[in-house]
$ cat coords_2.cif   # mmCIF, N, CA, C and O atoms
data_coords
#
loop_
_atom_site.label_atom_id
_atom_site.label_comp_id
_atom_site.auth_asym_id
_atom_site.auth_seq_id
_atom_site.Cartn_x
_atom_site.Cartn_y
_atom_site.Cartn_z
N MET A 1 151.75 87.74 78.04
CA MET A 1 152.09 87.21 76.73
C MET A 1 153.24 88.03 76.16
O MET A 1 153.23 89.24 76.21
N ASP A 2 154.23 87.34 75.60
CA ASP A 2 155.41 87.99 75.06
C ASP A 2 155.23 88.22 73.56
O ASP A 2 155.10 87.28 72.79
N PHE A 3 155.23 89.49 73.16
CA PHE A 3 155.07 89.84 71.76
C PHE A 3 156.41 90.00 71.05
O PHE A 3 156.46 90.32 69.88
N SER A 4 157.51 89.80 71.77
CA SER A 4 158.82 90.12 71.22
C SER A 4 159.11 89.42 69.90
O SER A 4 159.81 89.96 69.05
N LYS A 5 158.57 88.21 69.69
CA LYS A 5 158.84 87.51 68.43
C LYS A 5 158.21 88.22 67.24
O LYS A 5 158.62 88.00 66.11
N TYR A 6 157.22 89.06 67.48
CA TYR A 6 156.57 89.78 66.38
C TYR A 6 157.24 91.10 66.05
O TYR A 6 157.00 91.67 65.01
N PHE A 7 158.04 91.63 66.96
CA PHE A 7 158.64 92.93 66.76
C PHE A 7 160.05 92.78 66.21
O PHE A 7 160.77 91.87 66.55
N LYS A 8 160.43 93.70 65.35
CA LYS A 8 161.74 93.67 64.73
C LYS A 8 162.83 93.94 65.76
O LYS A 8 162.67 94.76 66.65
N LYS A 9 163.96 93.28 65.59
CA LYS A 9 165.13 93.55 66.40
C LYS A 9 165.81 94.79 65.82
O LYS A 9 165.73 95.07 64.64
N LYS A 10 166.52 95.55 66.66
CA LYS A 10 167.14 96.79 66.20
C LYS A 10 168.19 96.55 65.14
O LYS A 10 168.47 97.41 64.34
N ASN A 11 168.80 95.37 65.11
CA ASN A 11 169.84 95.11 64.11
C ASN A 11 169.27 94.51 62.83
O ASN A 11 170.01 94.15 61.94
N ASP A 12 167.97 94.42 62.72
CA ASP A 12 167.32 93.88 61.54
C ASP A 12 167.54 94.85 60.37
O ASP A 12 167.39 96.05 60.49
N SER A 13 167.88 94.31 59.22
CA SER A 13 168.20 95.15 58.06
C SER A 13 167.01 96.01 57.62
O SER A 13 167.19 97.10 57.12
N LYS A 14 165.77 95.52 57.80
CA LYS A 14 164.60 96.30 57.40
C LYS A 14 164.41 97.51 58.31
O LYS A 14 163.93 98.54 57.88
N VAL A 15 164.80 97.39 59.57
CA VAL A 15 164.67 98.51 60.49
C VAL A 15 165.70 99.58 60.16
O VAL A 15 165.47 100.76 60.34
N LYS A 16 166.83 99.19 59.60
CA LYS A 16 167.86 100.16 59.23
C LYS A 16 167.35 101.16 58.21
O LYS A 16 167.82 102.28 58.16
N ILE A 17 166.38 100.78 57.39
CA ILE A 17 165.77 101.71 56.44
C ILE A 17 165.22 102.90 57.20
O ILE A 17 165.42 104.04 56.83
N PHE A 18 164.53 102.64 58.31
CA PHE A 18 163.95 103.72 59.10
C PHE A 18 165.03 104.57 59.75
O PHE A 18 164.91 105.77 59.82
N SER A 19 166.11 103.94 60.24
CA SER A 19 167.14 104.70 60.94
C SER A 19 167.89 105.62 59.99
O SER A 19 168.51 106.58 60.43
N LYS A 20 167.85 105.35 58.67
CA LYS A 20 168.53 106.19 57.71
C LYS A 20 167.74 107.46 57.38
O LYS A 20 168.27 108.39 56.81
N LEU A 21 166.47 107.48 57.75
CA LEU A 21 165.67 108.68 57.50
C LEU A 21 166.13 109.78 58.43
O LEU A 21 166.30 109.57 59.62
N GLU A 22 166.34 110.97 57.89
CA GLU A 22 166.87 112.06 58.70
C GLU A 22 165.93 112.41 59.86
O GLU A 22 166.34 112.45 61.00
N ILE A 23 164.70 112.68 59.55
CA ILE A 23 163.74 113.02 60.59
C ILE A 23 162.47 112.23 60.31
O ILE A 23 161.71 112.54 59.41
N PHE A 24 162.25 111.17 61.10
CA PHE A 24 161.15 110.25 60.87
C PHE A 24 159.80 110.96 60.83
O PHE A 24 158.95 110.65 60.03
N GLU A 25 159.61 111.94 61.71
CA GLU A 25 158.32 112.62 61.80
C GLU A 25 157.99 113.42 60.56
O GLU A 25 156.84 113.72 60.30
N LYS A 26 158.98 113.77 59.74
CA LYS A 26 158.73 114.60 58.56
C LYS A 26 158.44 113.78 57.31
O LYS A 26 158.16 114.33 56.26
N VAL A 27 158.51 112.46 57.42
CA VAL A 27 158.20 111.61 56.28
C VAL A 27 156.68 111.56 56.14
O VAL A 27 155.96 111.36 57.11
N ASN A 28 156.19 111.75 54.93
CA ASN A 28 154.74 111.75 54.76
C ASN A 28 154.19 110.33 54.74
O ASN A 28 154.93 109.35 54.60
N ASP A 29 152.89 110.22 54.87
CA ASP A 29 152.23 108.92 54.98
C ASP A 29 152.46 108.04 53.75
O ASP A 29 152.68 106.84 53.88
N GLU A 30 152.43 108.63 52.56
CA GLU A 30 152.61 107.84 51.35
C GLU A 30 154.00 107.23 51.29
O GLU A 30 154.18 106.08 50.89
N GLU A 31 155.02 108.00 51.72
CA GLU A 31 156.39 107.47 51.74
C GLU A 31 156.52 106.32 52.73
O GLU A 31 157.19 105.33 52.46
N LEU A 32 155.87 106.43 53.87
CA LEU A 32 155.94 105.37 54.86
C LEU A 32 155.27 104.09 54.39
O LEU A 32 155.76 103.00 54.64
N ILE A 33 154.16 104.22 53.70
CA ILE A 33 153.46 103.04 53.20
C ILE A 33 154.33 102.32 52.18
O ILE A 33 154.32 101.10 52.09
N GLU A 34 155.13 103.05 51.41
CA GLU A 34 155.96 102.45 50.37
C GLU A 34 157.16 101.68 50.94
O GLU A 34 157.73 100.85 50.25
N ILE A 35 157.55 101.94 52.18
CA ILE A 35 158.70 101.25 52.77
C ILE A 35 158.31 99.80 53.00
O ILE A 35 157.32 99.51 53.65
N SER A 36 159.08 98.89 52.44
CA SER A 36 158.74 97.47 52.57
C SER A 36 159.18 96.93 53.92
O SER A 36 159.90 97.58 54.66
N GLY A 37 158.76 95.72 54.20
CA GLY A 37 159.12 95.08 55.46
C GLY A 37 157.88 94.91 56.28
O GLY A 37 157.07 94.04 56.02
N GLY A 38 157.72 95.76 57.21
CA GLY A 38 156.51 95.73 58.01
C GLY A 38 156.73 95.11 59.36
O GLY A 38 157.40 94.10 59.50
N ASN A 39 156.24 95.73 60.35
CA ASN A 39 156.20 95.22 61.70
C ASN A 39 155.03 95.92 62.35
O ASN A 39 154.29 96.63 61.68
N PHE A 40 154.84 95.72 63.63
CA PHE A 40 153.67 96.31 64.27
C PHE A 40 153.59 97.81 64.02
O PHE A 40 152.53 98.32 63.63
N SER A 41 154.67 98.52 64.23
CA SER A 41 154.65 99.98 64.10
C SER A 41 154.21 100.42 62.71
O SER A 41 153.32 101.26 62.56
N SER A 42 154.85 99.85 61.68
CA SER A 42 154.49 100.28 60.33
C SER A 42 153.13 99.73 59.90
O SER A 42 152.40 100.41 59.18
N ASN A 43 152.78 98.53 60.37
CA ASN A 43 151.45 98.00 60.06
C ASN A 43 150.36 98.87 60.66
O ASN A 43 149.35 99.15 60.02
N LEU A 44 150.57 99.31 61.90
CA LEU A 44 149.58 100.18 62.56
C LEU A 44 149.43 101.48 61.79
O LEU A 44 148.32 101.91 61.49
N ARG A 45 150.55 102.09 61.45
CA ARG A 45 150.49 103.37 60.73
C ARG A 45 149.80 103.19 59.38
O ARG A 45 148.95 103.99 58.99
N GLN A 46 150.16 102.12 58.67
CA GLN A 46 149.56 101.88 57.36
C GLN A 46 148.05 101.68 57.47
O GLN A 46 147.29 102.27 56.71
N LYS A 47 147.61 100.89 58.42
CA LYS A 47 146.17 100.64 58.59
C LYS A 47 145.45 101.92 59.00
O LYS A 47 144.34 102.18 58.55
N ARG A 48 146.08 102.74 59.84
CA ARG A 48 145.47 104.01 60.27
C ARG A 48 145.31 104.95 59.08
O ARG A 48 144.23 105.54 58.88
N VAL A 49 146.35 105.07 58.27
CA VAL A 49 146.31 105.97 57.12
C VAL A 49 145.26 105.49 56.11
O VAL A 49 144.47 106.28 55.60
N ILE A 50 145.25 104.19 55.84
CA ILE A 50 144.27 103.65 54.89
C ILE A 50 142.85 103.87 55.39
O ILE A 50 141.94 104.15 54.60
N ALA A 51 142.66 103.79 56.71
CA ALA A 51 141.33 104.02 57.29
C ALA A 51 140.96 105.50 57.32
O ALA A 51 139.83 105.86 57.63
N GLY A 52 141.91 106.37 56.99
CA GLY A 52 141.65 107.80 56.96
C GLY A 52 141.56 108.43 58.34
O GLY A 52 140.89 109.45 58.51
N LEU A 53 142.25 107.84 59.31
CA LEU A 53 142.21 108.36 60.67
C LEU A 53 143.50 109.10 61.00
O LEU A 53 144.58 108.71 60.56
N THR A 54 143.38 110.15 61.79
CA THR A 54 144.56 110.82 62.33
C THR A 54 144.97 110.07 63.59
O THR A 54 144.22 109.25 64.13
N GLN A 55 146.16 110.37 64.07
CA GLN A 55 146.61 109.76 65.34
C GLN A 55 145.66 110.15 66.47
O GLN A 55 145.32 109.32 67.31
N LYS A 56 145.21 111.39 66.46
CA LYS A 56 144.29 111.85 67.50
C LYS A 56 142.96 111.09 67.43
O LYS A 56 142.43 110.67 68.46
N GLU A 57 142.42 110.91 66.23
CA GLU A 57 141.15 110.19 66.07
C GLU A 57 141.27 108.73 66.51
O GLU A 57 140.39 108.21 67.20
N LEU A 58 142.37 108.07 66.13
CA LEU A 58 142.58 106.69 66.56
C LEU A 58 142.73 106.62 68.07
O LEU A 58 142.18 105.73 68.72
N GLY A 59 143.45 107.57 68.63
CA GLY A 59 143.60 107.63 70.09
C GLY A 59 142.26 107.71 70.79
O GLY A 59 142.02 107.01 71.78
N LYS A 60 141.36 108.54 70.28
CA LYS A 60 140.03 108.66 70.88
C LYS A 60 139.26 107.36 70.78
O LYS A 60 138.59 106.95 71.73
N LEU A 61 139.34 106.67 69.63
CA LEU A 61 138.64 105.40 69.47
C LEU A 61 139.16 104.34 70.44
O LEU A 61 138.42 103.45 70.86
N LEU A 62 140.44 104.44 70.81
CA LEU A 62 141.06 103.46 71.70
C LEU A 62 141.13 103.96 73.14
O LEU A 62 141.74 103.32 73.99
N TYR A 63 140.49 105.10 73.41
CA TYR A 63 140.54 105.73 74.74
C TYR A 63 141.98 105.95 75.19
O TYR A 63 142.35 105.71 76.34
N SER A 64 142.79 106.39 74.24
CA SER A 64 144.20 106.70 74.49
C SER A 64 144.47 108.09 73.95
O SER A 64 143.57 108.76 73.46
N SER A 65 145.72 108.48 73.99
CA SER A 65 146.08 109.81 73.51
C SER A 65 146.76 109.75 72.15
O SER A 65 147.20 108.69 71.70
N LYS A 66 146.85 110.90 71.51
CA LYS A 66 147.57 111.03 70.24
C LYS A 66 149.02 110.63 70.46
O LYS A 66 149.63 109.95 69.64
N GLN A 67 149.58 111.04 71.59
CA GLN A 67 150.98 110.73 71.90
C GLN A 67 151.21 109.22 72.02
O GLN A 67 152.21 108.70 71.57
N ALA A 68 150.24 108.50 72.61
CA ALA A 68 150.36 107.05 72.72
C ALA A 68 150.41 106.42 71.34
O ALA A 68 151.26 105.55 71.06
N VAL A 69 149.52 106.85 70.45
CA VAL A 69 149.49 106.33 69.08
C VAL A 69 150.82 106.64 68.38
O VAL A 69 151.41 105.78 67.73
N CYS A 70 151.30 107.84 68.55
CA CYS A 70 152.58 108.25 67.97
C CYS A 70 153.71 107.34 68.48
O CYS A 70 154.54 106.87 67.69
N ASN A 71 153.73 107.07 69.77
CA ASN A 71 154.77 106.21 70.35
C ASN A 71 154.69 104.79 69.81
O ASN A 71 155.71 104.15 69.57
N TRP A 72 153.48 104.26 69.60
CA TRP A 72 153.33 102.91 69.04
C TRP A 72 153.83 102.89 67.60
O TRP A 72 154.52 101.97 67.19
N GLU A 73 153.48 103.92 66.83
CA GLU A 73 153.88 103.97 65.43
C GLU A 73 155.37 104.14 65.24
O GLU A 73 155.93 103.74 64.23
N HIS A 74 156.02 104.74 66.21
CA HIS A 74 157.46 104.97 66.12
C HIS A 74 158.25 103.89 66.85
O HIS A 74 159.48 103.94 66.88
N GLY A 75 157.55 102.92 67.43
CA GLY A 75 158.22 101.82 68.09
C GLY A 75 158.82 102.14 69.45
O GLY A 75 159.63 101.39 69.96
N ARG A 76 158.42 103.27 70.02
CA ARG A 76 158.94 103.66 71.34
C ARG A 76 158.22 102.95 72.48
O ARG A 76 158.77 102.80 73.55
N ARG A 77 157.00 102.55 72.24
CA ARG A 77 156.18 101.85 73.25
C ARG A 77 155.41 100.73 72.57
O ARG A 77 155.19 100.75 71.36
N GLU A 78 154.96 99.77 73.37
CA GLU A 78 154.13 98.69 72.87
C GLU A 78 152.80 98.72 73.62
O GLU A 78 152.78 98.86 74.84
N PRO A 79 151.70 98.61 72.90
CA PRO A 79 150.39 98.63 73.55
C PRO A 79 150.11 97.30 74.26
O PRO A 79 150.75 96.28 73.97
N SER A 80 149.15 97.32 75.13
CA SER A 80 148.72 96.10 75.83
C SER A 80 148.00 95.18 74.84
O SER A 80 147.55 95.62 73.77
N LEU A 81 147.85 93.93 75.21
CA LEU A 81 147.14 92.97 74.37
C LEU A 81 145.70 93.43 74.14
O LEU A 81 145.16 93.29 73.04
N GLU A 82 145.07 94.00 75.17
CA GLU A 82 143.70 94.48 75.04
C GLU A 82 143.61 95.59 73.99
O GLU A 82 142.66 95.63 73.20
N LEU A 83 144.61 96.48 73.98
CA LEU A 83 144.60 97.56 72.98
C LEU A 83 144.86 97.02 71.58
O LEU A 83 144.26 97.50 70.61
N VAL A 84 145.71 96.02 71.46
CA VAL A 84 145.96 95.43 70.14
C VAL A 84 144.66 94.81 69.62
O VAL A 84 144.33 94.94 68.44
N GLN A 85 143.90 94.15 70.50
CA GLN A 85 142.62 93.57 70.10
C GLN A 85 141.65 94.67 69.67
O GLN A 85 140.94 94.53 68.67
N GLU A 86 141.62 95.78 70.40
CA GLU A 86 140.75 96.90 70.02
C GLU A 86 141.16 97.49 68.68
O GLU A 86 140.31 97.85 67.87
N MET A 87 142.47 97.58 68.43
CA MET A 87 142.95 98.07 67.14
C MET A 87 142.47 97.15 66.02
O MET A 87 142.01 97.63 64.98
N ALA A 88 142.57 95.85 66.24
CA ALA A 88 142.11 94.88 65.25
C ALA A 88 140.62 95.06 64.99
O ALA A 88 140.17 94.98 63.84
N ASN A 89 139.85 95.34 66.04
CA ASN A 89 138.42 95.59 65.87
C ASN A 89 138.17 96.86 65.06
O ASN A 89 137.31 96.88 64.19
N VAL A 90 138.91 97.92 65.37
CA VAL A 90 138.75 99.19 64.66
C VAL A 90 139.04 99.02 63.17
O VAL A 90 138.31 99.52 62.32
N PHE A 91 140.13 98.29 62.86
CA PHE A 91 140.54 98.12 61.47
C PHE A 91 139.91 96.91 60.80
O PHE A 91 140.19 96.63 59.63
N LYS A 92 139.06 96.18 61.55
CA LYS A 92 138.40 94.99 61.02
C LYS A 92 139.41 94.02 60.40
O LYS A 92 139.29 93.61 59.24
N CYS A 93 140.43 93.69 61.20
CA CYS A 93 141.47 92.75 60.77
C CYS A 93 141.82 91.85 61.95
O CYS A 93 141.29 92.03 63.05
N SER A 94 142.69 90.90 61.73
CA SER A 94 143.12 90.03 62.82
C SER A 94 144.30 90.66 63.56
O SER A 94 144.98 91.56 63.02
N ILE A 95 144.55 90.18 64.74
CA ILE A 95 145.73 90.63 65.49
C ILE A 95 146.99 90.30 64.70
O ILE A 95 147.93 91.09 64.66
N ASP A 96 147.00 89.13 64.06
CA ASP A 96 148.15 88.74 63.24
C ASP A 96 148.45 89.77 62.16
O ASP A 96 149.61 90.04 61.85
N ASP A 97 147.40 90.34 61.55
CA ASP A 97 147.61 91.36 60.52
C ASP A 97 148.36 92.57 61.07
O ASP A 97 149.10 93.22 60.33
N LEU A 98 148.17 92.87 62.33
CA LEU A 98 148.87 93.99 62.95
C LEU A 98 150.29 93.63 63.38
O LEU A 98 151.18 94.46 63.31
N LEU A 99 150.49 92.40 63.83
CA LEU A 99 151.77 92.04 64.43
C LEU A 99 152.79 91.45 63.48
O LEU A 99 153.99 91.65 63.66
N LYS A 100 152.36 90.72 62.47
CA LYS A 100 153.30 90.02 61.61
C LYS A 100 153.86 90.89 60.51
O LYS A 100 153.28 91.91 60.15
N ASP A 101 154.99 90.42 59.98
CA ASP A 101 155.55 91.06 58.80
C ASP A 101 154.52 91.02 57.70
O ASP A 101 153.85 90.01 57.52
N SER A 102 154.40 92.09 56.95
CA SER A 102 153.38 92.17 55.92
C SER A 102 153.55 91.09 54.87
O SER A 102 152.59 90.64 54.27
N GLU A 103 154.78 90.62 54.63
CA GLU A 103 154.99 89.60 53.61
C GLU A 103 154.47 88.23 54.06
O GLU A 103 154.28 87.35 53.26
N ASN A 104 154.22 88.06 55.38
CA ASN A 104 153.71 86.80 55.90
C ASN A 104 152.20 86.76 56.01
O ASN A 104 151.62 85.77 56.35
N ILE A 105 151.54 87.87 55.72
CA ILE A 105 150.09 87.95 55.85
C ILE A 105 149.45 87.52 54.55
O ILE A 105 149.82 87.98 53.48
N ASN A 106 148.48 86.63 54.66
CA ASN A 106 147.76 86.18 53.46
C ASN A 106 146.52 86.98 53.27
O ASN A 106 145.81 87.30 54.11
#
$ encode --input "coords_2.cif" --output "structure tokens"
Amino acid sequence: MDFSKYFKKKNDSKVKIFSKLEIFEKVNDEELIEISGGNFSSNLRQKRVIAGLTQKELGKLLYSSKQAVCNWEHGRREPSLELVQEMANVFKCSIDDLLKDSENIN
């Protein structure tokens, strides 16, 4: 299954907001939640923070590593469909809630 339609293109104006940040890793969780737009990476991070989980804790729940969660949140890697379903189960939401732009979610 091709998820590419759900992920932002690099030339998307909303993604440029992230590229303007000097060091992405140093932005705190509250600042990231305030950034509008939304795609899988930011939706995942927002849901994780709201659930009160660290990257390490989420990794354990998904039988993955902290580094894997970090890579998903930063858009460096994409999880398998099975992992996306597990994430939806953990956060008690639909897969669409994780993949779609936040403005399209009802």
$ residues_around --input "coords_2.cif" --residues "A:Met87" --least-positions-apart "4" --cutoff "8 Å" --atoms "only C-alpha atoms" --output "VMD selection string"
chain A and resid 62 83 91
$ atom_distance --input "coords_2.cif" --atom1 "atom C of A:Glu78" --atom2 "atom CA of A:Phe40"
9.7 Å
$ atom_distance --input "coords_2.cif" --atom1 "atom O of A:Ile50" --atom2 "atom CA of A:Leu98"
14.9 Å
$ atom_distance --input "coords_2.cif" --atom1 "atom CA of A:Asp101" --atom2 "atom CA of A:Asn43"
8.2 Å
$ closest_residue --input "coords_2.cif" --among "A:Glu86, A:Glu73, A:Asp96, A:Glu57" --to "A:Leu44" --atoms "all atoms listed in the file"
A:Glu73
